[in-house]
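S.K.: Have a peek at my_file-v5.csv (CSV, C-alpha atoms).
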```
chain,number,residue,atom,x,y,z
A,84,MET,CA,15.9,5.8,-36.3
A,85,ASN,CA,19.2,6.8,-34.8
A,86,LEU,CA,21.1,5.1,-32.0
A,87,LYS,CA,19.9,7.6,-29.3
A,88,SER,CA,16.2,7.1,-30.1
A,89,VAL,CA,16.6,3.3,-30.2
A,90,SER,CA,18.2,3.5,-26.7
A,91,GLU,CA,15.4,5.8,-25.5
A,92,CYS,CA,12.8,3.4,-26.9
A,93,GLU,CA,14.4,0.5,-25.1
A,94,ASP,CA,14.6,2.5,-21.9
A,95,ARG,CA,10.9,3.2,-22.1
A,96,ARG,CA,10.1,-0.4,-22.7
A,97,ILE,CA,12.2,-1.6,-19.8
A,98,GLN,CA,10.6,1.1,-17.6
A,99,LYS,CA,7.1,0.0,-18.7
A,100,PHE,CA,8.0,-3.6,-17.9
A,101,ILE,CA,9.5,-2.7,-14.4
A,102,ASN,CA,6.4,-0.6,-13.5
A,103,PHE,CA,3.9,-3.3,-14.6
A,104,LYS,CA,1.5,-4.3,-11.9
A,105,LEU,CA,-1.8,-6.1,-11.9
A,106,PRO,CA,-4.9,-4.4,-10.7
A,107,ASN,CA,-5.6,-4.7,-6.9
A,108,TYR,CA,-8.5,-7.3,-7.4
A,109,PHE,CA,-5.9,-9.8,-8.7
A,110,LYS,CA,-4.6,-10.0,-5.1
A,111,LYS,CA,-7.8,-11.7,-4.0
A,112,ILE,CA,-7.7,-14.0,-7.0
A,113,GLY,CA,-4.1,-14.9,-6.3
A,114,TRP,CA,-4.7,-15.7,-2.6
A,115,ALA,CA,-7.9,-17.7,-3.4
A,116,GLY,CA,-6.0,-19.8,-6.0
A,117,PHE,CA,-3.1,-20.2,-3.7
A,118,ILE,CA,-5.2,-21.5,-0.8
A,119,LEU,CA,-7.2,-23.8,-3.1
A,120,SER,CA,-4.0,-25.3,-4.7
A,121,PHE,CA,-2.4,-25.7,-1.3
A,122,ILE,CA,-5.5,-27.6,0.1
A,123,ILE,CA,-5.5,-29.9,-3.0
A,124,LEU,CA,-1.8,-30.4,-2.7
A,125,PHE,CA,-2.1,-31.2,1.0
A,126,SER,CA,-5.0,-33.6,0.3
A,127,THR,CA,-2.9,-35.7,-2.2
A,128,LYS,CA,-0.6,-36.5,0.7
A,129,LEU,CA,-3.5,-38.0,2.7
A,130,LEU,CA,-5.0,-40.0,-0.2
A,131,ASP,CA,-3.6,-43.2,-1.6
A,132,GLY,CA,-2.6,-43.3,-5.3
A,133,ASP,CA,-0.1,-41.9,-7.7
A,134,PHE,CA,-0.5,-38.2,-7.9
A,135,SER,CA,3.0,-37.3,-9.1
A,136,VAL,CA,1.9,-35.5,-12.2
A,137,MET,CA,-0.9,-33.7,-10.3
A,138,VAL,CA,1.6,-32.7,-7.6
A,139,GLU,CA,4.0,-31.2,-10.1
A,140,ILE,CA,1.2,-29.2,-11.7
A,141,LEU,CA,-0.1,-28.0,-8.3
A,142,LYS,CA,3.4,-26.9,-7.2
A,143,ARG,CA,3.6,-24.8,-10.4
A,144,LEU,CA,0.1,-23.4,-9.8
A,145,LEU,CA,1.1,-22.4,-6.3
A,146,LEU,CA,4.0,-20.4,-7.6
A,147,VAL,CA,1.9,-18.8,-10.3
A,148,PHE,CA,-0.8,-17.7,-7.8
A,149,LEU,CA,1.9,-16.4,-5.4
A,150,LEU,CA,3.4,-14.5,-8.3
A,151,ILE,CA,0.0,-13.0,-9.0
A,152,VAL,CA,-0.2,-11.8,-5.4
A,153,VAL,CA,3.3,-10.4,-5.6
A,154,MET,CA,2.6,-8.6,-8.8
A,155,SER,CA,-0.8,-7.1,-7.7
A,156,LYS,CA,-1.1,-3.4,-6.8
A,157,GLU,CA,-2.0,-2.3,-3.3
A,158,LYS,CA,-5.3,-0.4,-2.8
A,159,GLU,CA,-3.3,2.8,-2.6
A,160,GLU,CA,-0.2,2.4,-4.6
A,161,ASP,CA,2.0,5.5,-4.0
A,162,GLU,CA,5.7,6.2,-3.8
A,163,MET,CA,6.1,4.9,-0.2
A,164,ILE,CA,4.6,1.5,-1.3
A,165,LYS,CA,7.0,1.5,-4.3
A,166,SER,CA,9.9,2.1,-2.0
A,167,ILE,CA,8.7,-0.7,0.5
A,168,ARG,CA,8.3,-3.0,-2.5
A,169,ALA,CA,11.8,-2.3,-3.7
A,170,GLN,CA,13.2,-3.0,-0.2
A,171,ALA,CA,11.3,-6.2,0.1
A,172,PHE,CA,12.4,-7.4,-3.4
A,173,SER,CA,16.0,-6.7,-2.6
A,174,PHE,CA,15.8,-8.5,0.7
A,175,ALA,CA,14.1,-11.5,-0.8
A,176,PHE,CA,16.6,-11.7,-3.6
A,177,VAL,CA,19.6,-11.6,-1.3
A,178,GLY,CA,17.9,-14.0,1.1
A,179,ALA,CA,17.1,-16.5,-1.7
A,180,VAL,CA,20.8,-16.4,-2.9
A,181,ALA,CA,22.0,-17.0,0.6
A,182,TYR,CA,19.4,-19.8,1.2
A,183,THR,CA,20.4,-21.5,-2.1
A,184,LEU,CA,24.1,-21.4,-1.3
A,185,LEU,CA,23.9,-22.3,2.4
A,186,GLN,CA,20.9,-24.6,2.8
A,187,PRO,CA,22.5,-27.7,1.1
A,188,PHE,CA,25.4,-27.4,3.6
A,189,VAL,CA,22.9,-27.2,6.5
A,190,ASN,CA,21.0,-30.2,5.2
A,191,LEU,CA,24.2,-32.2,4.8
A,192,THR,CA,25.5,-31.2,8.3
A,193,VAL,CA,22.2,-32.2,9.9
A,194,SER,CA,22.2,-35.5,8.0
A,195,LEU,CA,25.8,-36.2,9.2
A,196,ILE,CA,25.0,-35.3,12.8
A,197,ALA,CA,21.8,-37.4,12.7
A,198,LYS,CA,23.7,-40.1,11.0
A,199,THR,CA,21.0,-40.8,8.4
A,200,GLU,CA,21.8,-43.2,5.6
A,201,LYS,CA,21.3,-40.6,2.8
A,202,ALA,CA,23.9,-38.0,3.9
A,203,ILE,CA,24.6,-36.6,0.4
A,204,PHE,CA,25.2,-33.0,-0.8
A,205,LYS,CA,22.2,-32.0,-2.9
A,206,ASP,CA,21.3,-28.7,-4.4
A,207,LEU,CA,17.9,-27.2,-3.8
A,208,GLY,CA,15.2,-27.5,-6.4
A,209,ASP,CA,13.7,-24.6,-8.4
A,210,PHE,CA,10.4,-24.9,-6.6
A,211,GLN,CA,12.0,-24.6,-3.2
A,212,ILE,CA,14.0,-21.5,-4.1
A,213,LEU,CA,11.2,-19.7,-5.9
A,214,TRP,CA,8.8,-20.6,-3.1
A,215,PHE,CA,11.3,-19.3,-0.5
A,216,MET,CA,11.9,-16.1,-2.4
A,217,MET,CA,8.2,-15.2,-2.8
A,218,ILE,CA,7.3,-16.0,0.7
A,219,VAL,CA,10.2,-13.9,2.1
A,220,TYR,CA,9.1,-11.1,-0.2
A,221,LEU,CA,5.5,-11.2,1.0
A,222,VAL,CA,6.5,-11.4,4.7
A,223,VAL,CA,9.0,-8.6,4.5
A,224,PHE,CA,6.6,-6.4,2.4
A,225,MET,CA,3.7,-6.9,4.9
A,226,LYS,CA,6.0,-6.3,7.9
A,227,LEU,CA,7.5,-3.1,6.4
A,228,LYS,CA,4.0,-1.8,5.3
A,229,LYS,CA,2.6,-2.4,8.7
A,230,ARG,CA,5.6,-0.6,10.4
A,231,ALA,CA,5.3,2.4,8.0
B,234,MET,CA,15.9,14.7,8.2
B,235,LYS,CA,13.2,16.3,10.4
B,236,ASN,CA,10.1,18.1,9.4
B,237,THR,CA,7.3,20.3,10.6
B,238,LEU,CA,4.6,18.8,8.4
B,239,LYS,CA,2.2,18.3,11.3
B,240,VAL,CA,2.5,22.0,12.2
B,241,GLU,CA,2.0,23.1,8.6
B,242,ARG,CA,-1.0,20.9,8.3
B,243,ALA,CA,-2.5,22.4,11.4
B,244,ILE,CA,-1.9,25.9,10.2
B,245,ASN,CA,-3.7,25.0,6.9
B,246,SER,CA,-6.4,23.2,8.9
B,247,LEU,CA,-5.9,20.0,7.0
B,248,THR,CA,-6.4,16.5,8.2
B,249,GLN,CA,-3.9,13.8,7.1
B,250,GLU,CA,-6.6,12.3,4.9
B,251,GLN,CA,-7.3,15.7,3.2
B,252,LEU,CA,-3.6,16.4,2.6
B,253,ALA,CA,-3.0,12.9,1.3
B,254,LYS,CA,-5.8,13.3,-1.2
B,255,LYS,CA,-4.5,16.7,-2.4
B,256,ILE,CA,-1.0,15.3,-3.2
B,257,GLY,CA,-2.2,11.8,-4.3
B,258,VAL,CA,-0.7,9.6,-1.7
B,259,SER,CA,-2.2,7.5,1.1
B,260,ARG,CA,-2.9,8.7,4.6
B,261,GLN,CA,-0.4,6.2,5.9
B,262,THR,CA,2.3,7.9,3.8
B,263,ILE,CA,1.6,11.3,5.3
B,264,ASN,CA,1.7,9.7,8.8
B,265,SER,CA,5.0,8.1,8.0
B,266,ILE,CA,6.5,11.4,6.8
B,267,GLU,CA,5.3,13.2,9.9
B,268,THR,CA,6.8,10.6,12.2
B,269,ASN,CA,10.1,10.6,10.2
B,270,ARG,CA,9.8,7.0,9.1
B,271,TYR,CA,9.7,7.9,5.5
B,272,VAL,CA,11.6,10.5,3.5
B,273,PRO,CA,9.5,11.7,0.6
B,274,SER,CA,10.8,12.2,-2.9
B,275,THR,CA,11.6,15.6,-4.4
B,276,LEU,CA,8.3,15.5,-6.3
B,277,LEU,CA,6.3,14.9,-3.2
B,278,ALA,CA,8.2,17.6,-1.3
B,279,LEU,CA,7.5,20.1,-4.1
B,280,LYS,CA,3.8,19.2,-4.1
B,281,LEU,CA,3.7,19.8,-0.3
B,282,SER,CA,5.5,23.1,-0.9
B,283,LYS,CA,2.9,24.1,-3.4
B,284,ILE,CA,0.1,23.2,-0.9
B,285,PHE,CA,1.6,25.1,2.0
B,286,ASN,CA,2.8,27.9,-0.2
B,287,LYS,CA,6.3,27.8,1.3
B,288,PRO,CA,9.7,26.7,0.2
B,289,VAL,CA,10.6,23.1,1.0
B,290,ASN,CA,13.4,24.2,3.3
B,291,ASP,CA,10.8,25.8,5.6
B,292,PHE,CA,9.3,22.5,6.7
B,293,PHE,CA,12.1,20.0,5.9
B,294,THR,CA,15.4,20.5,7.6
B,295,LEU,CA,18.6,18.4,7.8
B,296,GLU,CA,19.7,17.1,11.1
B,297,GLU,CA,23.2,17.5,12.4
B,298,GLY,CA,25.6,15.1,10.7
B,299,GLU,CA,23.4,14.6,7.7
```
Show me this structure written as structure tokens.
M.R.:
Amino acid sequence: MNLKSVSECEDRRIQKFINFKLPNYFKKIGWAGFILSFIILFSTKLLDGDFSVMVEILKRLLLVFLLIVVMSKEKEEDEMIKSIRAQAFSFAFVGAVAYTLLQPFVNLTVSLIAKTEKAIFKDLGDFQILWFMMIVYLVVFMKLKKRA
Amino acid sequence: MKNTLKVERAINSLTQEQLAKKIGVSRQTINSIETNRYVPSTLLALKLSKIFNKPVNDFFTLEEGE
């Protein structure tokens, strides 16, 4: 196998990975799982007891179900949907980077103005960033799709 | 870029749904192209050209300054 064919093979693999989408029915599974996990997560706040391990698992489940929704095909997946998807992904990516960089400063400023005791500079957690990115993606995607 | 897709569709007595099926896209995509909200790919433009039996330039034209 020469260098050119190795490179072509890699290109094909990358392309296959980029174009990978779950079938449309996964969208319903994703939303159902997301809502269920959200309700359970919310219930843990209302109940007494130590649910810290459960909360961590539920948070990850929320992200997994959101990812399933994001990765699912539309009923009619054509080139316009692909274009809208690319726009939404790029918006969500830039938005998440800006959010990650700026939000800690916003939090610190608000804490200083409100004069709370714990006015410290703290970076955002992975859950917060991933959650923000996927929610922004879904909102922008739906908005662009509706406008098209 | 403007287009006369709606006119061409009327000449060929095709609904948006029928045209969409012929070229393998959604009705929403045809509507977006007709209202200049979406610029189709070369592949889609060539498919339309085949359906209308006309060159792409006949129904897609550049606007001034483009």
S.K.: Within 12 Å of (9.8, 7.0, 7.8) (coordinates as in the file), grab all the protein and nucleic acid residues, counting only C-alpha atoms, and write them out as a list of chain:residue names.
M.R.: A:Met163, A:Ile164, A:Ser166, A:Ile167, A:Leu227, A:Lys228, A:Lys229, A:Arg230, A:Ala231, B:Met234, B:Lys235, B:Asn236, B:Gln261, B:Thr262, B:Ile263, B:Asn264, B:Ser265, B:Ile266, B:Glu267, B:Thr268, B:Asn269, B:Arg270, B:Tyr271, B:Val272, B:Pro273, B:Ser274
S.K.: Quick one, how far is atom CA of Val193 of chain A from atom CA of Gln211 of chain A?
M.R.: 18.3 Å
S.K.: Rank B:Leu252, B:Leu247, B:Leu276, B:Leu281 by their smallest atom-to-atom distance to chain A, using only C-alpha atoms, and report the top residue only.
M.R.: B:Leu276
S.K.: Hey, which of A:Leu195, A:Met216, A:Leu124, A:Met154 ends up closest to Gly178 of chain A? Count all atoms listed in the file.
M.R.: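 Selected residue with least distance to Gly178 of chain A: A:Met216.
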S.K.: In Å, rounded to a single decimal, give me how far atom CA of Lys283 of chain B is from atom CA of Gly257 of chain B.
M.R.: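 According to the coordinates, atom CA of Gly257 of chain B and atom CA of Lys283 of chain B are separated by 13.3 Å.
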S.K.: Can you pull out every residue within 12 Å of Asn286 of chain B, counting only C-alpha atoms, but drop anything in the same chain fewer than 4 positions away, and send it as a list of chain:residue names?
M.R.: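 Here the qualifying residues turn out to be B:Glu241, B:Arg242, B:Ile244, B:Asn245, B:Ala278, B:Leu279, B:Lys280, B:Leu281, B:Ser282, B:Asn290, B:Asp291, B:Phe292.
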S.K.: What is the atom CA of Trp214 of chain A-atom CA of Leu105 of chain A distance in Å, reported with one decimal?
M.R.: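 It comes out at 20.0 Å.
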S.K.: Closest to chain A among B:Ser246, B:Thr237, B:Gln251, B:Ser259, using all atoms listed in the file?
M.R.: B:Ser259
